[in-house]
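For reference, structure27.csv is printed below; it contains CSV, C-alpha atoms and all ligand atoms.
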chain,number,residue,atom,x,y,z
H,354,MET,CA,1.4,11.7,18.4
H,355,ALA,CA,5.0,11.0,17.4
H,356,THR,CA,6.6,13.4,15.0
H,357,ARG,CA,9.5,12.7,12.7
H,358,THR,CA,12.0,15.5,12.2
H,359,ASP,CA,14.6,13.6,10.1
H,360,ARG,CA,15.5,15.6,7.0
H,361,VAL,CA,15.7,13.6,3.8
H,362,GLU,CA,16.9,15.1,0.5
H,363,ALA,CA,16.0,13.5,-2.7
H,364,ASP,CA,15.9,14.2,-6.4
H,365,PHE,CA,12.6,12.4,-6.9
H,366,VAL,CA,9.8,11.6,-4.5
H,367,VAL,CA,7.5,8.8,-5.7
H,368,VAL,CA,4.2,8.6,-3.9
H,369,GLY,CA,2.7,5.1,-3.6
H,370,ALA,CA,4.6,1.8,-3.7
H,371,GLY,CA,2.1,0.0,-6.0
H,372,SER,CA,3.0,-1.5,-9.4
H,373,ALA,CA,3.5,1.9,-11.0
H,374,GLY,CA,5.4,3.6,-8.1
H,375,CYS,CA,7.7,0.6,-7.6
H,376,ALA,CA,8.5,0.4,-11.3
H,377,VAL,CA,9.2,4.2,-11.5
H,378,ALA,CA,11.3,4.2,-8.4
H,379,ALA,CA,13.3,1.2,-9.5
H,380,ARG,CA,14.1,2.7,-12.9
H,381,LEU,CA,15.0,6.0,-11.4
H,382,SER,CA,17.3,4.2,-8.8
H,383,GLU,CA,19.3,2.5,-11.6
H,384,ASP,CA,21.4,5.7,-11.7
H,385,THR,CA,23.2,5.5,-8.4
H,386,ALA,CA,23.8,9.2,-8.3
H,387,THR,CA,20.0,9.8,-8.2
H,388,ARG,CA,18.4,9.9,-4.8
H,389,VAL,CA,14.9,8.5,-4.8
H,390,VAL,CA,12.4,8.4,-2.0
H,391,LEU,CA,9.4,6.0,-2.3
H,392,LEU,CA,6.5,6.8,0.0
H,393,GLU,CA,3.9,4.2,0.9
H,394,ALA,CA,0.9,4.9,3.1
H,395,GLY,CA,0.4,1.2,4.0
H,396,GLY,CA,2.8,-1.1,5.8
H,397,GLU,CA,5.1,-3.9,4.9
H,398,ASP,CA,3.6,-6.9,3.1
H,399,LYS,CA,3.8,-9.1,6.2
H,400,ASN,CA,0.2,-10.4,6.0
H,401,ARG,CA,0.6,-14.1,5.2
H,402,TRP,CA,-2.4,-14.1,2.9
H,403,ILE,CA,-0.5,-11.8,0.5
H,404,HIS,CA,2.0,-14.6,0.0
H,405,ILE,CA,-0.4,-17.5,-0.5
H,406,PRO,CA,-1.9,-18.0,-4.0
H,407,LEU,CA,-5.5,-17.1,-4.0
H,408,GLY,CA,-5.1,-15.5,-0.5
H,409,PHE,CA,-6.7,-12.6,-2.2
H,410,GLY,CA,-10.1,-13.7,-0.8
H,411,LYS,CA,-8.7,-12.9,2.6
H,412,THR,CA,-7.1,-9.5,1.8
H,413,PHE,CA,-9.8,-8.2,-0.4
H,414,ALA,CA,-11.8,-6.6,2.4
H,415,ASP,CA,-9.2,-6.5,5.1
H,416,PRO,CA,-8.7,-2.8,6.1
H,417,SER,CA,-5.2,-3.4,7.4
H,418,VAL,CA,-4.0,-4.0,3.8
H,419,ASN,CA,-6.9,-2.6,1.7
H,420,TRP,CA,-8.4,0.9,1.5
H,421,CYS,CA,-11.8,-0.7,1.1
H,422,TYR,CA,-13.3,2.2,-0.9
H,423,GLN,CA,-16.9,2.5,-2.0
H,424,THR,CA,-17.9,4.2,-5.2
H,425,GLU,CA,-20.4,7.0,-5.2
H,426,PRO,CA,-24.0,5.7,-5.6
H,427,ASP,CA,-24.2,4.4,-9.2
H,428,PRO,CA,-27.4,5.2,-11.1
H,429,GLY,CA,-26.7,2.3,-13.4
H,430,ALA,CA,-26.8,0.0,-10.4
H,431,ALA,CA,-30.0,1.3,-8.8
H,432,ASP,CA,-28.0,3.9,-6.9
H,433,ARG,CA,-26.0,1.3,-5.0
H,434,ARG,CA,-22.5,1.9,-3.9
H,435,VAL,CA,-20.0,-0.6,-5.2
H,436,PHE,CA,-17.1,-2.0,-3.2
H,437,TRP,CA,-13.9,-0.8,-4.7
H,438,PRO,CA,-10.8,-2.5,-3.3
H,439,ARG,CA,-7.4,-0.8,-3.5
H,440,GLY,CA,-4.2,-2.2,-1.9
H,441,LYS,CA,-2.8,-0.3,1.1
H,442,VAL,CA,0.5,-2.1,1.5
H,443,MET,CA,4.0,-2.3,-0.1
H,444,GLY,CA,3.2,-3.5,-3.6
H,445,GLY,CA,-0.2,-1.9,-3.6
H,446,LEU,CA,-3.2,-3.7,-5.2
H,447,SER,CA,-0.9,-6.1,-7.0
H,448,ALA,CA,0.4,-7.4,-3.6
H,449,THR,CA,-3.2,-8.4,-2.7
H,450,THR,CA,-4.5,-9.7,-6.0
H,451,ILE,CA,-1.7,-11.2,-8.1
H,452,SER,CA,0.2,-14.2,-6.8
H,453,THR,CA,2.6,-14.7,-9.7
H,454,ALA,CA,3.1,-13.2,-13.1
H,455,ARG,CA,4.3,-15.1,-16.1
H,456,ALA,CA,5.1,-13.8,-19.5
H,457,ARG,CA,3.5,-16.3,-21.9
H,458,THR,CA,3.6,-14.5,-25.2
H,459,ALA,CA,4.0,-17.5,-27.4
H,460,SER,CA,3.5,-21.2,-27.5
H,461,ALA,CA,6.4,-23.6,-27.1
H,462,THR,CA,6.4,-24.3,-30.8
H,463,THR,CA,6.5,-20.6,-31.7
H,464,ARG,CA,9.3,-19.9,-29.2
H,465,ARG,CA,11.4,-22.8,-30.6
H,466,ARG,CA,10.8,-21.4,-34.2
H,467,ARG,CA,11.9,-17.9,-33.1
H,468,ALA,CA,15.0,-19.3,-31.3
H,469,THR,CA,16.0,-21.3,-34.4
H,470,ALA,CA,15.6,-18.2,-36.5
H,471,GLY,CA,17.7,-16.2,-34.0
H,472,ALA,CA,14.8,-13.8,-33.3
H,473,ALA,CA,15.2,-11.4,-30.4
H,474,ARG,CA,13.1,-12.0,-27.2
H,475,PRO,CA,9.8,-10.2,-27.4
H,476,PRO,CA,9.9,-6.9,-25.5
H,477,LEU,CA,7.1,-8.0,-23.1
H,478,VAL,CA,9.2,-10.9,-21.8
H,479,ILE,CA,12.1,-8.6,-21.2
H,480,CYS,CA,9.9,-6.2,-19.2
H,481,VAL,CA,8.4,-9.0,-17.1
H,482,ARG,CA,11.8,-10.4,-16.3
H,483,ARG,CA,13.0,-7.0,-15.1
H,484,CYS,CA,9.9,-6.5,-13.0
H,485,SER,CA,9.6,-10.0,-11.6
H,486,GLY,CA,13.2,-10.7,-10.5
H,487,PRO,CA,13.7,-14.1,-8.8
H,488,ILE,CA,10.3,-15.5,-9.9
H,489,CYS,CA,11.2,-15.6,-13.6
H,490,GLU,CA,15.0,-15.8,-13.2
H,491,SER,CA,14.5,-19.3,-11.7
H,492,SER,CA,12.6,-20.5,-14.8
H,493,PRO,CA,14.4,-21.3,-18.0
H,494,LYS,CA,11.1,-20.7,-19.9
H,495,HIS,CA,11.4,-16.9,-19.4
Y,1,LIG,C1,-9.5,-8.0,-8.1
Y,1,LIG,C2,-8.4,-7.5,-9.0
Y,1,LIG,C3,-7.6,-8.4,-9.7
Y,1,LIG,C4,-6.6,-8.0,-10.5
Y,1,LIG,N1,-5.8,-8.9,-11.1
Y,1,LIG,C5,-4.8,-8.5,-12.0
Y,1,LIG,C6,-4.0,-9.5,-12.6
Y,1,LIG,O1,-4.2,-10.7,-12.5
Y,1,LIG,N2,-3.0,-9.0,-13.4
Y,1,LIG,C7,-2.8,-7.7,-13.6
Y,1,LIG,O2,-1.9,-7.3,-14.4
Y,1,LIG,N3,-3.6,-6.8,-13.0
Y,1,LIG,C8,-4.6,-7.1,-12.2
Y,1,LIG,N4,-5.3,-6.2,-11.6
Y,1,LIG,C9,-5.1,-4.8,-11.8
Y,1,LIG,C10,-3.8,-4.4,-11.0
Y,1,LIG,O3,-3.9,-4.9,-9.7
Y,1,LIG,C11,-3.8,-2.8,-11.0
Y,1,LIG,O4,-3.9,-2.3,-12.3
Y,1,LIG,C12,-2.5,-2.3,-10.4
Y,1,LIG,O5,-2.2,-2.9,-9.2
Y,1,LIG,C13,-2.5,-0.8,-10.2
Y,1,LIG,O6,-1.3,-0.4,-9.8
Y,1,LIG,P1,-1.0,1.1,-9.3
Y,1,LIG,O7,0.4,1.2,-9.0
Y,1,LIG,O8,-1.5,2.0,-10.4
Y,1,LIG,O9,-1.9,1.4,-8.1
Y,1,LIG,P2,-2.0,0.7,-6.7
Y,1,LIG,O10,-1.5,-0.8,-6.7
Y,1,LIG,O11,-3.3,1.0,-6.1
Y,1,LIG,O12,-0.9,1.4,-5.8
Y,1,LIG,C14,-1.1,2.7,-5.2
Y,1,LIG,C15,-0.3,2.7,-3.9
Y,1,LIG,O13,-0.2,4.0,-3.4
Y,1,LIG,C16,-0.5,4.0,-2.0
Y,1,LIG,N5,-1.0,5.4,-1.7
Y,1,LIG,C17,-2.2,5.9,-2.0
Y,1,LIG,N6,-2.2,7.2,-1.5
Y,1,LIG,C18,-1.0,7.4,-0.9
Y,1,LIG,C19,-0.5,8.6,-0.3
Y,1,LIG,N7,-1.2,9.7,-0.1
Y,1,LIG,N8,0.8,8.5,0.2
Y,1,LIG,C20,1.5,7.4,0.1
Y,1,LIG,N9,1.0,6.2,-0.5
Y,1,LIG,C21,-0.2,6.3,-1.0
Y,1,LIG,C22,-1.4,2.9,-1.8
Y,1,LIG,O14,-1.4,2.5,-0.5
Y,1,LIG,C23,-0.9,1.9,-2.8
Y,1,LIG,O15,0.0,1.0,-2.2
Y,1,LIG,C24,-6.4,-6.6,-10.7
Y,1,LIG,C25,-7.2,-5.7,-10.0
Y,1,LIG,C26,-8.2,-6.1,-9.2
Y,1,LIG,C27,-9.1,-5.1,-8.5

The structure in this file should be written as structure tokens.
Amino acid sequence: MATRTDRVEADFVVVGAGSAGCAVAARLSEDTATRVVLLEAGGEDKNRWIHIPLGFGKTFADPSVNWCYQTEPDPGAADRRVFWPRGKVMGGLSATTISTARARTASATTRRRRATAGAARPPLVICVRRCSGPICESSPKH
């Protein structure tokens, strides 16, 4: 078994590069003086089905990108175990289940009315833009 002896020093260690871990690591990294290590047990998101809308059906039970957990026997389901998918890849479960995210918080009419009144962008839209990067930046709607 290969062993790694590299020494890495960090101010923060974030475990798990799913939605939560990536958001936390990204925010912490905004301060360039802060050293952040993000650890992910899965690999890179190279599986092509991750990048194809509705490819989720192919990654759902693929142990190379999914932990494929089972619940404990559930008395409410005649003691059956229930399949419990969790992403095991950069991006976590979101990488395997969500193809795109769009912030649709208002109809076009409401948005126009808000814009005319000089209202600020709703906070949710700002958050989604920050998380989504190029997906939303390319769209004038967001
Ligand atoms: C079928 C399905 C569809 C969904 N669709 C949507 C949707 O359309 N929109 C939406 O907003 N939400 C959706 N969700 C919910 C959403 O996917 C989850 O709420 C979200 O992905 C959870 O993110 P997380 O960061 O908490 O956990 P995870 O995404 O599970 O990330 C945890 C990460 O930590 C890693 N990890 C675990 N243990 C270790 C360890 N010891 N060391 C290092 N790394 C480790 C894992 O490999 C994983 O990458 C869906 C969920 C499911 C099941």

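Here atom CA of H:Ile405 is placed at a distance of 23.8 Å from atom C21 of ligand LIG 1 (chain Y).
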
**OP:** Set the cut-off to 10 Å, count all atoms listed in the file, and list whatever residues fall near ligand LIG 1 (chain Y) as an MDAnalysis selection string.
**Re:** chainID H and resid 367:377 391:396 409:410 413 418:420 437:455

Original post:
When you draw a straight line from atom CA of H:Leu381 to atom CA of H:Asp364, how long is it in Å?
Top reply: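 Computing the Euclidean distance for atom CA of H:Leu381 and atom CA of H:Asp364 yields 9.6 Å.
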
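Taking atom CA of H:Asn400 as the reference point, atom CA of H:Arg357 is found at 25.8 Å.
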
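The closest residue to H:Ala378, picked from H:Asp427, H:Val366, H:Ser417, H:Arg360 and counting only C-alpha atoms, is H:Val366.
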
Original post:
Taking all atoms listed in the file into account, which of H:Thr424, H:Arg433, H:Lys399, H:Thr358 comes nearest H:Thr412?
Top reply: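 Counting all atoms listed in the file, the residue closest to H:Thr412 is H:Lys399.
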